[in-house]
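Structure file query39.csv; described as CSV, C-alpha atoms and all ligand atoms.
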```csv
chain,number,residue,atom,x,y,z
A,1255,MET,CA,81.8,72.2,86.5
A,1256,LEU,CA,81.6,73.9,89.8
A,1257,PHE,CA,78.5,75.8,88.7
A,1258,VAL,CA,76.3,72.8,88.2
A,1259,PRO,CA,76.0,71.6,91.8
A,1260,ILE,CA,75.6,75.2,93.0
A,1261,LEU,CA,72.8,75.8,90.6
A,1262,ALA,CA,71.1,72.6,91.6
A,1263,ALA,CA,71.4,73.6,95.3
A,1264,THR,CA,69.9,77.0,94.5
A,1265,VAL,CA,67.0,75.6,92.7
A,1266,TYR,CA,66.0,73.2,95.5
A,1267,ALA,CA,67.1,74.8,98.7
A,1268,ALA,CA,67.8,78.6,98.3
A,1269,PRO,CA,65.7,81.1,100.2
A,1270,VAL,CA,63.2,82.9,98.0
A,1271,GLU,CA,65.2,86.1,98.1
A,1272,GLN,CA,68.1,84.4,96.4
A,1273,LEU,CA,65.9,82.9,93.7
A,1274,ASP,CA,64.6,86.3,92.9
A,1275,LYS,CA,68.1,87.7,92.6
A,1276,ARG,CA,69.1,84.9,90.2
A,1277,ALA,CA,65.9,85.3,88.1
A,1278,ALA,CA,66.5,89.0,87.9
A,1279,CYS,CA,69.8,88.4,86.1
A,1280,SER,CA,68.8,85.5,83.9
A,1281,SER,CA,69.6,87.7,80.9
A,1282,TYR,CA,72.8,89.7,80.9
A,1283,THR,CA,75.0,91.7,78.6
A,1284,ILE,CA,78.7,92.4,79.1
A,1285,ILE,CA,79.7,95.7,77.5
A,1286,ASN,CA,83.3,95.2,76.5
A,1287,THR,CA,85.3,98.3,75.7
A,1288,ARG,CA,88.7,97.7,74.3
A,1289,GLY,CA,91.9,99.7,74.6
A,1290,THR,CA,94.0,101.9,72.2
A,1291,GLY,CA,95.1,100.1,69.1
A,1292,GLU,CA,93.0,96.9,69.6
A,1293,ILE,CA,90.9,96.1,66.5
A,1294,GLN,CA,87.2,96.5,66.7
A,1295,GLY,CA,85.8,93.6,68.7
A,1296,PRO,CA,86.4,92.2,72.2
A,1297,SER,CA,89.4,93.4,74.2
A,1298,THR,CA,92.0,90.7,74.7
A,1299,GLY,CA,92.1,91.9,78.3
A,1300,PHE,CA,88.8,90.1,79.2
A,1301,ARG,CA,88.9,87.1,76.9
A,1302,THR,CA,89.7,84.4,79.5
A,1303,MET,CA,87.4,85.8,82.2
A,1304,ASN,CA,84.5,86.3,79.8
A,1305,ARG,CA,84.8,82.7,78.6
A,1306,ASN,CA,84.7,81.5,82.2
A,1307,ILE,CA,81.7,83.7,83.0
A,1308,GLN,CA,79.7,82.6,80.0
A,1309,ALA,CA,80.5,79.0,80.7
A,1310,GLN,CA,79.1,79.4,84.2
A,1311,ILE,CA,76.1,81.6,83.6
A,1312,PRO,CA,74.2,80.8,80.5
A,1313,GLY,CA,72.1,83.6,78.8
A,1314,GLY,CA,74.9,86.1,78.6
A,1315,LYS,CA,75.7,88.2,75.5
A,1316,ILE,CA,78.8,90.4,74.8
A,1317,TYR,CA,78.5,93.8,73.2
A,1318,ASN,CA,81.7,95.2,71.9
A,1319,THR,CA,81.6,99.0,72.1
A,1320,VAL,CA,82.0,100.5,68.7
A,1321,TYR,CA,84.5,103.4,68.6
A,1322,ALA,CA,87.9,104.2,67.1
A,1323,ALA,CA,90.1,103.4,70.1
A,1324,GLY,CA,92.6,105.7,68.3
A,1325,PHE,CA,95.8,107.1,69.5
A,1326,ASP,CA,94.3,110.5,70.0
A,1327,GLN,CA,92.5,109.1,73.1
A,1328,ASN,CA,89.2,110.6,72.1
A,1329,SER,CA,86.8,108.1,73.5
A,1330,ALA,CA,83.6,110.2,73.5
A,1331,LEU,CA,81.9,108.0,70.9
A,1332,GLY,CA,82.6,105.0,73.0
A,1333,THR,CA,81.1,106.6,76.1
A,1334,THR,CA,77.9,107.5,74.1
A,1335,GLY,CA,77.8,103.9,72.8
A,1336,ILE,CA,78.0,102.4,76.3
A,1337,VAL,CA,75.3,104.7,77.6
A,1338,ASN,CA,72.9,104.0,74.7
A,1339,GLN,CA,73.5,100.3,74.9
A,1340,VAL,CA,72.4,100.2,78.5
A,1341,LYS,CA,69.4,102.5,78.0
A,1342,LYS,CA,68.1,100.6,75.0
A,1343,GLY,CA,68.6,97.3,76.8
A,1344,VAL,CA,66.7,98.4,79.9
A,1345,GLN,CA,63.9,99.8,77.7
A,1346,SER,CA,63.5,96.5,75.9
A,1347,ASN,CA,63.9,94.3,78.9
A,1348,PRO,CA,63.8,95.9,82.4
A,1349,ASN,CA,65.1,92.7,84.0
A,1350,GLN,CA,68.3,92.6,81.9
A,1351,CYS,CA,71.5,93.0,83.8
A,1352,PHE,CA,74.7,94.7,82.5
A,1353,ILE,CA,78.4,94.4,83.3
A,1354,LEU,CA,80.7,97.1,82.1
A,1355,GLU,CA,84.3,96.2,81.3
A,1356,GLY,CA,87.0,98.5,80.0
A,1357,TYR,CA,90.6,98.3,79.3
A,1358,SER,CA,92.9,101.4,79.1
A,1359,GLN,CA,91.2,103.9,76.9
A,1360,GLY,CA,88.2,101.7,77.1
A,1361,ALA,CA,88.3,102.0,80.9
A,1362,ALA,CA,88.2,105.8,80.5
A,1363,ALA,CA,85.3,105.6,78.1
A,1364,THR,CA,83.5,103.4,80.7
A,1365,VAL,CA,84.2,105.7,83.6
A,1366,ASN,CA,82.9,108.7,81.7
A,1367,ALA,CA,79.6,106.8,81.0
A,1368,LEU,CA,78.9,106.2,84.7
A,1369,SER,CA,77.5,109.6,85.7
A,1370,LYS,CA,75.2,109.4,82.7
A,1371,LEU,CA,73.6,106.2,83.9
A,1372,THR,CA,71.0,106.9,86.6
A,1373,GLY,CA,67.8,105.5,88.0
A,1374,ALA,CA,66.8,102.2,86.3
A,1375,ASN,CA,69.9,102.3,84.2
A,1376,PHE,CA,72.1,102.6,87.2
A,1377,ASP,CA,70.3,99.7,88.8
A,1378,ALA,CA,70.6,97.5,85.7
A,1379,VAL,CA,74.4,97.7,85.8
A,1380,LYS,CA,75.5,95.1,88.4
A,1381,GLY,CA,79.2,95.5,88.1
A,1382,VAL,CA,82.1,97.5,86.5
A,1383,PHE,CA,85.4,95.8,86.0
A,1384,LEU,CA,88.3,98.0,84.8
A,1385,ILE,CA,91.9,97.2,84.0
A,1386,GLY,CA,94.8,99.7,83.3
A,1387,ASP,CA,92.5,102.6,83.9
A,1388,PRO,CA,94.0,106.0,83.1
A,1389,LEU,CA,91.3,107.6,85.3
A,1390,HIS,CA,92.3,105.5,88.3
A,1391,LYS,CA,91.7,107.9,91.2
A,1392,ARG,CA,93.7,107.6,94.4
A,1393,GLY,CA,92.0,106.6,97.6
A,1394,LEU,CA,88.9,104.9,96.3
A,1395,LYS,CA,87.7,101.7,97.9
A,1396,CYS,CA,87.4,100.0,94.5
A,1397,ASN,CA,91.1,100.4,93.7
A,1398,VAL,CA,92.6,96.9,93.8
A,1399,ASP,CA,95.8,95.3,92.6
A,1400,ASN,CA,95.5,92.2,90.4
A,1401,LYS,CA,95.1,89.9,93.4
A,1402,GLY,CA,92.3,92.0,94.8
A,1403,GLY,CA,94.5,93.6,97.5
A,1404,SER,CA,94.7,97.3,98.5
A,1405,THR,CA,98.4,97.8,97.8
A,1406,LEU,CA,97.7,100.3,95.0
A,1407,LYS,CA,94.8,102.1,96.7
A,1408,ASN,CA,96.5,105.4,96.7
A,1409,VAL,CA,98.0,105.6,93.3
A,1410,SER,CA,96.7,107.7,90.4
A,1411,GLY,CA,96.3,107.1,86.6
A,1412,VAL,CA,97.8,109.3,84.0
A,1413,SER,CA,94.6,111.2,83.3
A,1414,ALA,CA,93.2,111.2,86.9
A,1415,ALA,CA,93.9,114.8,87.4
A,1416,LEU,CA,92.1,115.9,84.3
A,1417,ILE,CA,88.7,114.3,84.7
A,1418,GLY,CA,86.5,113.2,87.5
A,1419,GLY,CA,87.0,109.5,87.9
A,1420,ILE,CA,84.5,106.9,89.3
A,1421,PRO,CA,81.6,108.6,90.9
A,1422,ASP,CA,80.9,107.8,94.6
A,1423,ALA,CA,77.7,106.0,93.9
A,1424,TRP,CA,79.5,103.5,91.7
A,1425,VAL,CA,82.4,102.6,93.9
A,1426,ASN,CA,80.6,99.8,95.6
A,1427,LYS,CA,80.0,97.9,92.4
A,1428,THR,CA,83.3,98.6,90.7
A,1429,LEU,CA,86.8,97.0,90.7
A,1430,ASP,CA,89.4,99.3,89.2
A,1431,VAL,CA,92.2,96.8,88.8
A,1432,CYS,CA,95.8,98.0,88.4
A,1433,ILE,CA,99.0,95.9,88.1
A,1434,TYR,CA,101.9,97.3,90.1
A,1435,GLY,CA,104.0,99.5,87.9
A,1436,ASP,CA,101.5,99.9,85.1
A,1437,GLY,CA,102.3,103.4,84.1
A,1438,VAL,CA,98.8,104.1,82.9
A,1439,CYS,CA,97.0,103.5,86.2
A,1440,ASP,CA,99.9,103.6,88.6
A,1441,THR,CA,102.0,106.7,87.9
A,1442,THR,CA,103.7,106.2,91.3
A,1443,HIS,CA,105.6,103.1,90.1
A,1444,GLY,CA,105.5,103.2,86.3
A,1445,PHE,CA,105.6,105.4,83.3
A,1446,GLY,CA,103.2,105.3,80.3
A,1447,VAL,CA,102.3,102.2,78.3
A,1448,ASN,CA,104.8,99.6,79.5
A,1449,ALA,CA,105.0,95.9,79.8
A,1450,GLN,CA,102.8,95.9,82.9
A,1451,HIS,CA,100.1,97.7,81.1
A,1452,LEU,CA,100.1,94.9,78.5
A,1453,GLN,CA,100.0,92.1,81.0
A,1454,TYR,CA,96.3,91.8,82.0
A,1455,SER,CA,95.1,89.4,79.3
A,1456,GLY,CA,97.7,86.8,80.2
A,1457,ASP,CA,97.7,87.4,84.0
A,1458,ALA,CA,96.0,84.6,85.8
A,1459,PRO,CA,95.3,86.6,89.0
A,1460,THR,CA,93.5,89.4,87.0
A,1461,GLN,CA,91.4,86.8,85.1
A,1462,ASP,CA,90.5,85.0,88.3
A,1463,LEU,CA,89.6,88.2,90.0
A,1464,GLY,CA,87.4,89.3,87.1
A,1465,THR,CA,85.7,85.9,86.8
A,1466,LYS,CA,84.8,85.8,90.6
A,1467,PHE,CA,83.7,89.5,90.7
A,1468,VAL,CA,81.4,89.3,87.7
A,1469,LEU,CA,79.9,86.0,88.8
A,1470,GLN,CA,79.2,87.5,92.3
A,1471,GLN,CA,77.8,90.7,90.9
A,1472,LEU,CA,75.4,88.7,88.6
A,1473,GLY,CA,74.2,86.8,91.7
A,1474,ALA,CA,75.7,83.4,90.9
B,1501,LIG,C1,96.0,105.1,101.6
B,1501,LIG,O1,95.8,106.4,102.2
B,1501,LIG,C2,95.0,106.3,103.4
B,1501,LIG,C3,94.6,107.7,103.8
B,1501,LIG,O2,95.7,108.6,103.7
B,1501,LIG,C4,95.7,105.5,104.4
B,1501,LIG,O3,95.0,105.4,105.6
B,1501,LIG,C5,96.0,104.1,103.9
B,1501,LIG,O4,96.8,103.4,104.8
B,1501,LIG,C6,96.7,104.2,102.6
B,1501,LIG,N1,96.8,102.8,102.0
B,1501,LIG,C7,97.9,102.4,101.3
B,1501,LIG,C8,97.8,101.0,100.9
B,1501,LIG,O5,98.8,103.1,101.0
B,1502,LIG,C1,78.7,101.1,99.9
B,1502,LIG,O1,78.7,100.0,100.8
B,1502,LIG,C2,78.9,100.3,102.1
B,1502,LIG,C3,79.0,99.0,102.9
B,1502,LIG,O2,78.1,98.0,102.5
B,1502,LIG,C4,77.7,101.2,102.6
B,1502,LIG,O3,77.8,101.5,104.0
B,1502,LIG,C5,77.7,102.4,101.8
B,1502,LIG,O4,76.5,103.2,102.1
B,1502,LIG,C6,77.6,102.1,100.3
B,1502,LIG,N1,77.8,103.4,99.5
B,1502,LIG,C7,77.0,103.7,98.5
B,1502,LIG,C8,77.4,105.1,97.9
B,1502,LIG,O5,76.1,103.1,98.1
```
If you took the structure in this file and wrote it as structure tokens, what would it be?
Amino acid sequence: MLFVPILAATVYAAPVEQLDKRAACSSYTIINTRGTGEIQGPSTGFRTMNRNIQAQIPGGKIYNTVYAAGFDQNSALGTTGIVNQVKKGVQSNPNQCFILEGYSQGAAATVNALSKLTGANFDAVKGVFLIGDPLHKRGLKCNVDNKGGSTLKNVSGVSAALIGGIPDAWVNKTLDVCIYGDGVCDTTHGFGVNAQHLQYSGDAPTQDLGTKFVLQQLGA
């Protein structure tokens, strides 16, 4: 589709720098961390965007974080799994790229992994895409609504006061997406798990935003 002519143009006419960037991400893994109550496997929240991404950049794998995603909201095992997956991957192939995706409790598990990924592991993660994040922290540049706008820049998630949120060093390669009124990431306009919190998987603007962001971060 769109990708084919772009790839051809890159191969024949791109500056060397751009070719290097592409080559560096020829192999990538999306680490997909689902939300509370979703069965082990990929989150429904990223299904459409990941299908788009994999169709446009071959060579991508998806790793579904293994953890309970239980109602007790203890996502520590998920965080450990995300960290280990990146570290192992970088050790076995230093040129491998990673994208971290998290929905709801899975977003919290992902945010808590960030400060544990430093040096080569930090560099290997090209992008972080979060939806319905309970650790959504007011004021960050990476806070966007589902259309990529800044209308919800200054709202907080339900657990934002408890734990740190996205570390400064990560803000530039993160989108922390919140739909207006989702009571998990936007406690100013919503309360708890409501219809808006369950909207991401079927929301075209969210899926478009995620597709474009990840393709861009992977250097496509
Ligand atoms: C967010 O807060 C900052 C600092 O107080 C302010 O400059 C900005 O206009 C606010 N943005 C929105 C969308 O509320
Ligand atoms: C984020 O990007 C901006 C603009 O490109 C840059 O000025 C800033 O230093 C970056 N911040 C970090 C922590 O890398």
Hey, what's within 7 Å of Ile1433 in chain A if we count all atoms listed in the file and toss same-chain stuff fewer than 5 positions away? As a PDB file with C-alpha atoms, in the frame of the given file, please?
```pdb
ATOM      1  CA  ASP A1399      95.800  95.300  92.600  1.00  0.00           C
ATOM      2  CA  ASN A1400      95.500  92.200  90.400  1.00  0.00           C
ATOM      3  CA  GLN A1450     102.800  95.900  82.900  1.00  0.00           C
TER       4      GLN A1450
END
```
Could you tell me how far CA of Thr1428 in chain A sits from CA of Leu1469 in chain A, in Å to one decimal place? 13.2 Å
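If you look at CA of Thr1465 in chain A and CA of Gly1314 in chain A, they are 13.6 Å away from each other.
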Return as a VMD selection string every polymer residue, whether protein, DNA or RNA, with at least one atom no more than 10 Å from an atom of ligand LIG 1501 (chain B); count all atoms listed in the file. chain A and resid 1392 to 1395 1397 to 1398 1403 to 1409
Please, which residues in chain A fall within 12 Å of ligand LIG 1502 (chain B) when counting all atoms listed in the file, and what is the closest atom pair and distance in Å to one decimal for each, ordered by chain then residue number, as CSV?
```
residue,atom,partner,partner_atom,distance
A:Phe1376,CA,B:LIG1502,O5,11.6
A:Asp1377,CA,B:LIG1502,O5,11.5
A:Leu1394,CA,B:LIG1502,C1,11.5
A:Lys1395,CA,B:LIG1502,C1,9.2
A:Cys1396,CA,B:LIG1502,C1,10.3
A:Ile1420,CA,B:LIG1502,C8,11.3
A:Pro1421,CA,B:LIG1502,C8,8.9
A:Asp1422,CA,B:LIG1502,C8,5.5
A:Ala1423,CA,B:LIG1502,C8,4.1
A:Trp1424,CA,B:LIG1502,C8,6.7
A:Val1425,CA,B:LIG1502,C8,6.9
A:Asn1426,CA,B:LIG1502,C1,4.9
A:Lys1427,CA,B:LIG1502,C1,8.3
A:Thr1428,CA,B:LIG1502,C1,10.6
```
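Going from CA of Gln1471 in chain A to CA of Gly1360 in chain A covers 20.5 Å.
Excluding Lys1466 in chain A and any residue on its chain fewer than 6 positions from it, the residues at most 12 Å away by only C-alpha atoms are Phe1257, Met1303, Asn1304, Asn1306, Ile1307, Gln1310, Ile1311, Gly1381, Phe1383, Lys1401, Gly1402, Leu1429, Pro1459, Thr1460, Leu1472, Gly1473 and Ala1474 of chain A.
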What's the 12 Å shell around Gly1418 in chain A, counting all atoms listed in the file, without same-chain residues fewer than 4 positions away, as a PyMOL selection string? chain A and resi 1362+1365-1369+1388-1392+1410-1411+1413-1414+1422
Go through A:Gly1464, A:Gly1444, A:Gly1313, A:Gly1324 and flag the residue nearest Glu1355 in chain A, using all atoms listed in the file for the distances. A:Gly1464
Could you name the residues that touch His1443 in chain A at 9 Å or less, counting all atoms listed in the file, but leaving out those on the same chain fewer than 5 positions away, as a PyMOL selection string? chain A and resi 1409+1434-1437
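Using only C-alpha atoms, the protein and nucleic acid residues lying no more than 12 Å from Thr1302 in chain A, apart from those fewer than 5 places from it along its own chain, are Pro1296, Ser1297, Ile1307, Gln1308, Ala1309, Tyr1454, Ser1455, Gly1456, Asp1457, Ala1458, Pro1459, Thr1460, Gln1461, Asp1462, Leu1463, Gly1464 and Thr1465 of chain A.
Between Leu1331 in chain A and the residues A:Asp1440, A:Thr1287, A:Lys1380, A:His1451, the shortest atom-to-atom distance, using all atoms listed in the file, involves A:Thr1287.
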Counting all atoms listed in the file, the residue of A:Asn1318, A:Gly1295, A:Phe1445, A:Val1340 that sits nearest Leu1371 in chain A: A:Val1340
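Checking A:Asn1448, A:Asn1375, A:Val1468, A:Gln1359 one by one against Ser1346 in chain A, counting all atoms listed in the file, you find the shortest gap at A:Asn1375.
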So, with only C-alpha atoms as the atoms that count, which of A:Cys1432, A:Ile1385, A:Cys1351, A:Val1344 lies closest to Thr1364 in chain A? A:Ile1385
